[in-house]
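Student: Pasting a structure here, questions to come.
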Amino acid sequence: MRHRIRLIGAAILAGGISAGIPCPALAQHWPSEPVALAGGRLLFGGDLSATFGSEDPGWFTYTDYETSAIRRIRAGVTIEARATDRVAFLAEIRAETGLGVTPYAWYVRISPLASGLIDIQAGRIPPVFGAFPRRAYPQDNPLIGSPQTYQYLTSVRADAVPATADDLLDMRGRGWLVRYPVGDPTPHNGVATVAAEQWDTGVQVRLGGEVVSGALAYTVGSLSRPRVRNDNSGGQIAGRVAWHPVPAFMIGVSAARGVFVAENVREARPDAPAGHDDQRAIGIDAEASWGRWVVRGEYVANAWRLPPLDAPRIVDPLASRAGYLEARVRLLPRLYAAIRGDIMRFTSIQGSAGPETWEAAVSRLEYGIGFTIRRGLLVKASVLSNWRDGGRVQESHLGAVQLLFWF
Amino acid sequence: MTRRPASLVFRIVSAGAASALAVSLAGGVPAAAADGTIKGTVDVRRSLQATEARPAAAGLGAAPRRPVEFRPAVVYLEKAPGGAFELPEAGRASMDQRDQTFVPHVLAITVGTTVEFPNSDLTFHNVFSLSKTKSFDLGRYSRGKSKSVRFDRPGVVQVFCDIHSHMSAYILVFAHRYFAVTDRAGAFTISGVPPGTYTLAVWHEGDVRETRSVTVSEPGAAIEASFVIR
């Protein structure tokens, strides 16, 4: 009633009422939706992110030797060209400080049934394993860092392997720059358990609908080392089944097994026993949401088998167990808060000095906020606290700010 | 903005029909029988495409193609006569979420109206707006549930779903009752307009596309206006 009285008063004063439709502002548009050409058959999306963070002397946030996830500028363009209603070509091209321009994805998607129950994709395809790698980068990661399973560099390499257990233990907590005597002698970074920054090449088939779906892929690389060209005469089988019983809850189970060690290692040590060259992993992921909350978690049990060469030999698979739990709550229409707890643990091997975990256990707690300036323009700020039981730097507290634009 | 002499654009039509239409104001308030009517059509000839989600390069399969939803225009008086403050009691309106689309795509309401946002889909939706006119976030809720928002300021509110980026809609909140949403044939009628000269505006998909000066010359007069939006 009071509102009506105010309106009446304003109308009397003005001698008329404006419709209140702000005409000039409406004429100004930023792109907030993908650009569609040729009647929607050609579709472009894009994103640009600039991340400014603390120096990371412990290399906790690096995705390779030169690139920290909290200190980089990245631009991406996603293209979908629909040749027919059943056939489309998709590509994603990214440019990143220090890495230049990279074709992240390029593949053909065939949907043979009008019902959409089957899709076949071939080329450099999105990963089937897990949930995190398929989330669109700008919108769906509520924080700045990535889960350690998908980013933290372990001391394992595919193109260079330790001759002894002591060689491996010498590299504990030094995954950003690893050197081994067998294979490529050049120092290089180790691999993350599952590579989220690169995609593998092969064929995948997806079956199912909203409630239950499954996907199976055959690719030339492995989870931690996606490839465009095969370098070990082996491939990987990966699959995932997802169950979405109610809108509020989804659970997925993934598994993968593939040849990991590169051919140059076998060439360097022809005496290496056969069959010790693969990566196996199983994972479970879940997401629950209600009201303004979204909670997600993943757990991945992984193992690499490296050839047992010289004494003290690496007899058992190099196993890791990693999991994270993250939550996001929207506090205001423009503001949310998020937190992620993340741990990675490793099995023990027998070195000359006794048993020790082959890699240093590492944990991270990241918490932050995101503020939407306008649709498609988001600023995030977060704090990443990292702990590790080995390496030169064993504790590190980092801050980062990220500005994201996407359409 | 285009302005043309009213005499070239509009013609007086039968005053008898005007009084019969006068009770069907968008605002729902019966108009005086002596007030005039503005009616006509808006012919949208712009190429409209379905709002697309971002290219799903990270997806394991294709998202279903969606047809272009009906996207009406809204015709309204930029400056309403003094009597326009006689707004009806705060009403209620509804914007459904169905087949991952807001239905209707355009809702025109008066200040004080409460809009319900029911979810008729099997999936969650999360309605939100960051508009200056009204900023809100209804959170995620499932099929069969509804949440509501009261709109207390005039302006344009663009509505989205936080989960489905291809879902969008407009709510136009007016401080007066002299507006109409076009039907599927593009027709509109604004009734109960007192004699006077007004600026008639046509809004479509986020922009005011055209404005014209119109004159309701005498009590009970009905004028006709037609627009083409390219």
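Every chain in the structure tokens takes a letter, A first, then B, and so on in the order presented; its residues are numbered from 1, and the ligands are numbered from 1 following the presented order.
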Check segment 21-193 of chain B with DSSP on the backbone and list each residue it calls helix (DSSP H, G or I), as a CSV table (one decimal) with N, CA and C atoms, in the first residue's frame.
Tutor:
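After the write, result17.csv holds the following:
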```
chain,number,residue,atom,x,y,z
B,21,LEU,N,-13.6,-3.2,-25.7
B,21,LEU,CA,-12.3,-3.7,-25.4
B,21,LEU,C,-11.7,-3.1,-24.1
B,82,GLY,N,-1.8,10.7,-16.4
B,82,GLY,CA,-1.8,10.8,-14.9
B,82,GLY,C,-2.7,9.8,-14.3
B,83,GLY,N,-3.8,9.4,-14.9
B,83,GLY,CA,-4.7,8.4,-14.3
B,83,GLY,C,-4.1,7.0,-14.2
B,84,ALA,N,-2.9,6.9,-14.7
B,84,ALA,CA,-2.3,5.6,-14.7
B,84,ALA,C,-1.9,5.1,-13.4
B,85,PHE,N,-1.9,6.0,-12.4
B,85,PHE,CA,-1.5,5.5,-11.1
B,85,PHE,C,-2.5,4.6,-10.4
```
Student: Hey, what's within 12 Å of Glu359 of chain A if we count only C-alpha atoms and toss same-chain stuff fewer than 6 positions away? As a PyMOL selection string, please?
Tutor: chain A and resi 152-156+165-175+190+318-321+344-349+388-391
Student: For the selection just defined, write its residues with C-alpha atoms to a file, as a JSON list (two decimals), in the first residue's frame.
Tutor:
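See out_32.json below for the written result:
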```
[["chain", "number", "residue", "atom", "x", "y", "z"],
["A", 152, "TYR", "CA", 49.38, -32.46, -8.77],
["A", 153, "LEU", "CA", 52.58, -33.63, -10.42],
["A", 154, "THR", "CA", 53.87, -36.92, -9.07],
["A", 155, "SER", "CA", 57.40, -38.20, -9.63],
["A", 156, "VAL", "CA", 56.28, -40.77, -12.22],
["A", 165, "ALA", "CA", 63.69, -47.98, -5.78],
["A", 166, "ASP", "CA", 66.28, -45.54, -4.49],
["A", 167, "ASP", "CA", 66.15, -43.61, -7.77],
["A", 168, "LEU", "CA", 62.42, -43.17, -7.26],
["A", 169, "LEU", "CA", 62.68, -42.26, -3.58],
["A", 170, "ASP", "CA", 65.24, -39.58, -4.43],
["A", 171, "MET", "CA", 62.50, -37.82, -6.39],
["A", 172, "ARG", "CA", 59.89, -37.79, -3.58],
["A", 173, "GLY", "CA", 58.11, -34.45, -3.54],
["A", 174, "ARG", "CA", 59.86, -33.27, -6.71],
["A", 175, "GLY", "CA", 57.30, -34.02, -9.37],
["A", 190, "GLY", "CA", 56.18, -36.00, -13.75],
["A", 318, "LEU", "CA", 53.14, -47.58, -7.42],
["A", 319, "ALA", "CA", 49.72, -46.94, -5.99],
["A", 320, "SER", "CA", 48.03, -43.73, -4.99],
["A", 321, "ARG", "CA", 44.73, -42.95, -3.31],
["A", 344, "MET", "CA", 46.65, -37.76, -1.87],
["A", 345, "ARG", "CA", 48.35, -40.73, -0.27],
["A", 346, "PHE", "CA", 50.90, -43.19, -1.67],
["A", 347, "THR", "CA", 51.98, -46.76, -0.92],
["A", 348, "SER", "CA", 55.36, -47.76, 0.45],
["A", 349, "ILE", "CA", 58.25, -49.37, -1.38],
["A", 388, "ARG", "CA", 53.41, -32.24, 2.01],
["A", 389, "ASP", "CA", 55.48, -34.69, 4.04],
["A", 390, "GLY", "CA", 58.53, -34.43, 1.81],
["A", 391, "GLY", "CA", 60.38, -32.16, -0.58]]
```
Student: Any idea what's packed within 8 Å of segment 364-378 of chain A, counting only C-alpha atoms, ignoring anything in its chain fewer than 6 positions away? Could you give it as a count of residues only?
Tutor: 25
Student: Would you compute the distance between atom CA of Leu99 of chain A and atom CA of Thr61 of chain A? Give it in Å to one decimal.
Tutor: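 Computing the Euclidean distance for atom CA of Leu99 of chain A and atom CA of Thr61 of chain A yields 16.2 Å.
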Student: Taking only residues of chain B that have an atom at most 8 Å from an atom of chain A, what is each one's shortest atom pair and its distance in Å to one decimal, using only C-alpha atoms, in chain and number order, as CSV?
Tutor:
```
residue,atom,partner,partner_atom,distance
B:Gln49,CA,A:Gly40,CA,6.8
B:Ala50,CA,A:Gly40,CA,7.9
B:Thr51,CA,A:Glu33,CA,7.7
B:Glu52,CA,A:Pro34,CA,6.7
B:Ala53,CA,A:Pro34,CA,6.9
B:Arg54,CA,A:Gly45,CA,5.5
B:Pro55,CA,A:Glu80,CA,5.5
B:Ala56,CA,A:Glu80,CA,7.8
B:Ala57,CA,A:Leu90,CA,5.9
B:Ala58,CA,A:Arg134,CA,4.9
B:Gly59,CA,A:Arg134,CA,6.6
B:Leu60,CA,A:Arg206,CA,6.3
B:Gly61,CA,A:Asp119,CA,5.3
B:Ala62,CA,A:Asp119,CA,7.0
B:Pro64,CA,A:Gly116,CA,7.2
B:Tyr76,CA,A:Ala19,CA,7.6
B:Leu77,CA,A:Ala19,CA,6.8
B:Glu78,CA,A:Ala19,CA,5.2
B:Lys79,CA,A:Ser18,CA,4.5
B:Ala80,CA,A:Ile17,CA,4.9
B:Pro81,CA,A:Gly16,CA,4.8
B:Gly82,CA,A:Gly16,CA,4.5
B:Gly83,CA,A:Gly16,CA,7.9
B:Ala84,CA,A:Ile17,CA,7.0
B:Phe85,CA,A:Ile8,CA,5.2
B:Glu86,CA,A:Ile8,CA,7.8
B:Leu87,CA,A:Arg4,CA,7.7
B:Leu122,CA,A:Pro247,CA,7.0
B:Thr123,CA,A:Pro247,CA,5.2
B:Phe124,CA,A:Pro247,CA,5.6
B:Phe128,CA,A:Pro333,CA,7.0
B:Ser129,CA,A:Pro333,CA,7.3
B:Leu130,CA,A:Pro333,CA,6.8
B:Ser135,CA,A:Pro333,CA,6.4
B:Phe136,CA,A:Pro333,CA,5.3
B:Asp137,CA,A:Pro333,CA,4.9
B:Leu138,CA,A:Gly291,CA,7.5
B:Gly139,CA,A:Gly291,CA,4.4
B:Arg140,CA,A:Gly291,CA,4.5
B:Tyr141,CA,A:Gly291,CA,6.2
B:Ser142,CA,A:Pro247,CA,6.7
B:Pro154,CA,A:Gly20,CA,4.9
B:Gly155,CA,A:Ile21,CA,4.7
B:Val156,CA,A:Ile21,CA,6.2
B:Ser165,CA,A:Glu33,CA,8.0
B:His166,CA,A:Glu33,CA,7.8
B:Leu172,CA,A:Ile21,CA,7.5
B:Val173,CA,A:Gly20,CA,7.6
B:Phe174,CA,A:Ala19,CA,5.3
B:Ala175,CA,A:Ala19,CA,5.5
B:His176,CA,A:Ala19,CA,6.3
B:Gly206,CA,A:Leu26,CA,5.8
B:Asp207,CA,A:Leu26,CA,5.1
B:Val208,CA,A:Cys23,CA,5.9
```
Student: Looking only at the backbone, which of the residues in segment 7-171 of chain A does DSSP tag as strand (DSSP E or B), as an MDAnalysis selection string?
Tutor: chainID A and resid 17:18 35:37 42:53 62 68 71:82 87:96 100:110 118:125 160:161
Student: Report, in Å to a single decimal, how far apart atom CA of Leu309 of chain A and atom CA of Gln350 of chain A are.
Tutor: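 A separation of 13.8 Å between them.
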Student: Take atom CA of Gly283 of chain A and atom CA of Gly323 of chain A and report the distance between them in Å, one decimal.
Tutor: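 One can read the atom CA of Gly283 of chain A to atom CA of Gly323 of chain A distance as 9.3 Å.
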Student: Hey, which of A:Gly221, A:Gly183, A:Gly76, A:Gly202 ends up closest to Ala122 of chain A? Count only C-alpha atoms.
Tutor: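 Among the listed residues, the smallest separation from Ala122 of chain A belongs to A:Gly202.
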Student: Sorted by chain and rising residue number, list the residues of segment 123-195 of chain B at most 10 Å from segment 211-219 of chain B (counting only C-alpha atoms), each with its closest atom pair and distance in Å to one decimal, as JSON lines.
Tutor:
```
{"residue": "B:Gly192", "atom": "CA", "partner": "B:Pro219", "partner_atom": "CA", "distance": 9.7}
{"residue": "B:Val193", "atom": "CA", "partner": "B:Val216", "partner_atom": "CA", "distance": 7.5}
{"residue": "B:Pro194", "atom": "CA", "partner": "B:Pro219", "partner_atom": "CA", "distance": 6.7}
{"residue": "B:Pro195", "atom": "CA", "partner": "B:Val216", "partner_atom": "CA", "distance": 4.7}
```
Student: Export, as a PDB file, in the first residue's frame, the selected residues with N, CA and C atoms.
Tutor:
```pdb
ATOM      1  N   GLY B 192      -8.318   1.639 -22.707  1.00  0.00           N
ATOM      2  CA  GLY B 192      -8.486   2.571 -21.592  1.00  0.00           C
ATOM      3  C   GLY B 192      -7.534   3.739 -21.626  1.00  0.00           C
ATOM      4  N   VAL B 193      -7.145   4.152 -22.828  1.00  0.00           N
ATOM      5  CA  VAL B 193      -6.177   5.245 -22.952  1.00  0.00           C
ATOM      6  C   VAL B 193      -6.935   6.570 -23.060  1.00  0.00           C
ATOM      7  N   PRO B 194      -6.745   7.489 -22.132  1.00  0.00           N
ATOM      8  CA  PRO B 194      -7.441   8.776 -22.212  1.00  0.00           C
ATOM      9  C   PRO B 194      -6.950   9.579 -23.412  1.00  0.00           C
ATOM     10  N   PRO B 195      -7.771  10.506 -23.893  1.00  0.00           N
ATOM     11  CA  PRO B 195      -7.331  11.342 -25.013  1.00  0.00           C
ATOM     12  C   PRO B 195      -6.008  12.030 -24.695  1.00  0.00           C
TER      13      PRO B 195
END
```
Student: Give the answer as one residue: which of B:Ile190, B:Met95, B:Val181, B:Val111 has the shortest atom-to-atom distance to Ala222 of chain B, using only C-alpha atoms?
Tutor: B:Ile190
Student: Can you build me a table of segment 54-115 of chain B residues sitting at most 12 Å from segment 223-227 of chain B, with the closest atom pair per residue and its distance in Å to one decimal, using only C-alpha atoms, sorted by chain and residue number, as a tab-separated table?
Tutor:
```
residue	atom	partner	partner_atom	distance
B:Ala73	CA	B:Phe227	CA	10.4
B:Val74	CA	B:Phe227	CA	11.5
B:Val75	CA	B:Phe227	CA	9.9
B:Tyr76	CA	B:Ala225	CA	11.9
```
Student: Write the residues of the selection above to a file with C-alpha atoms, as a compact mmCIF listing (two decimals), in the first residue's frame.
Tutor:
```
# COMPACT_ATOMS: atom_id res chain seq x y z
CA ALA B 73 6.93 -8.22 -28.54
CA VAL B 74 5.67 -5.82 -25.90
CA VAL B 75 3.98 -2.59 -26.92
CA TYR B 76 3.60 0.14 -24.32
```
Student: Any idea what's packed within 10 Å of Thr164 of chain A, counting only C-alpha atoms, ignoring anything in its chain fewer than 5 positions away? Could you give it as an MDAnalysis selection string?
Tutor: chainID A and resid 169 180:182 307:315 350:352
Student: Considering only C-alpha atoms, can you say which of B:Ala221, B:Leu107, B:Ala185, B:Val157 comes closest to Arg92 of chain B?
Tutor: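 Nearest candidate to Arg92 of chain B out of B:Ala221, B:Leu107, B:Ala185, B:Val157: B:Leu107.
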Student: Skip Phe151 of chain B itself and residues of its chain fewer than 6 positions away, then list as a PyMOL selection string all residues within 8 Å of it, counting only C-alpha atoms.
Tutor: chain B and resi 111-115+134+173
Student: Store the residues picked out above in a file with N, CA and C atoms, as a PDB file, in the first residue's frame.
Tutor:
```pdb
ATOM      1  N   VAL B 111       4.095  -3.197 -11.477  1.00  0.00           N
ATOM      2  CA  VAL B 111       4.852  -3.166 -10.222  1.00  0.00           C
ATOM      3  C   VAL B 111       4.007  -3.759  -9.089  1.00  0.00           C
ATOM      4  N   GLY B 112       4.647  -4.556  -8.259  1.00  0.00           N
ATOM      5  CA  GLY B 112       3.945  -5.167  -7.136  1.00  0.00           C
ATOM      6  C   GLY B 112       3.484  -6.582  -7.414  1.00  0.00           C
ATOM      7  N   THR B 113       3.604  -7.023  -8.668  1.00  0.00           N
ATOM      8  CA  THR B 113       3.159  -8.377  -9.019  1.00  0.00           C
ATOM      9  C   THR B 113       4.155  -9.416  -8.491  1.00  0.00           C
ATOM     10  N   THR B 114       3.609 -10.504  -8.000  1.00  0.00           N
ATOM     11  CA  THR B 114       4.438 -11.637  -7.574  1.00  0.00           C
ATOM     12  C   THR B 114       4.401 -12.699  -8.669  1.00  0.00           C
ATOM     13  N   VAL B 115       5.583 -13.116  -9.097  1.00  0.00           N
ATOM     14  CA  VAL B 115       5.674 -14.111 -10.170  1.00  0.00           C
ATOM     15  C   VAL B 115       6.109 -15.449  -9.581  1.00  0.00           C
ATOM     16  N   LYS B 134      15.733  -6.092 -10.484  1.00  0.00           N
ATOM     17  CA  LYS B 134      15.478  -7.100  -9.456  1.00  0.00           C
ATOM     18  C   LYS B 134      16.536  -8.190  -9.555  1.00  0.00           C
ATOM     19  N   VAL B 173       8.624  -5.045 -16.123  1.00  0.00           N
ATOM     20  CA  VAL B 173       7.828  -4.568 -14.996  1.00  0.00           C
ATOM     21  C   VAL B 173       7.469  -3.107 -15.268  1.00  0.00           C
TER      22      VAL B 173
END
```
Student: Which of these residues is nearest to Ile282 of chain A, using only C-alpha atoms: A:Pro355, A:Ile144, A:Gly130, A:Ser222?
Tutor: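 Checking each candidate against Ile282 of chain A, we get A:Gly130 as the closest.
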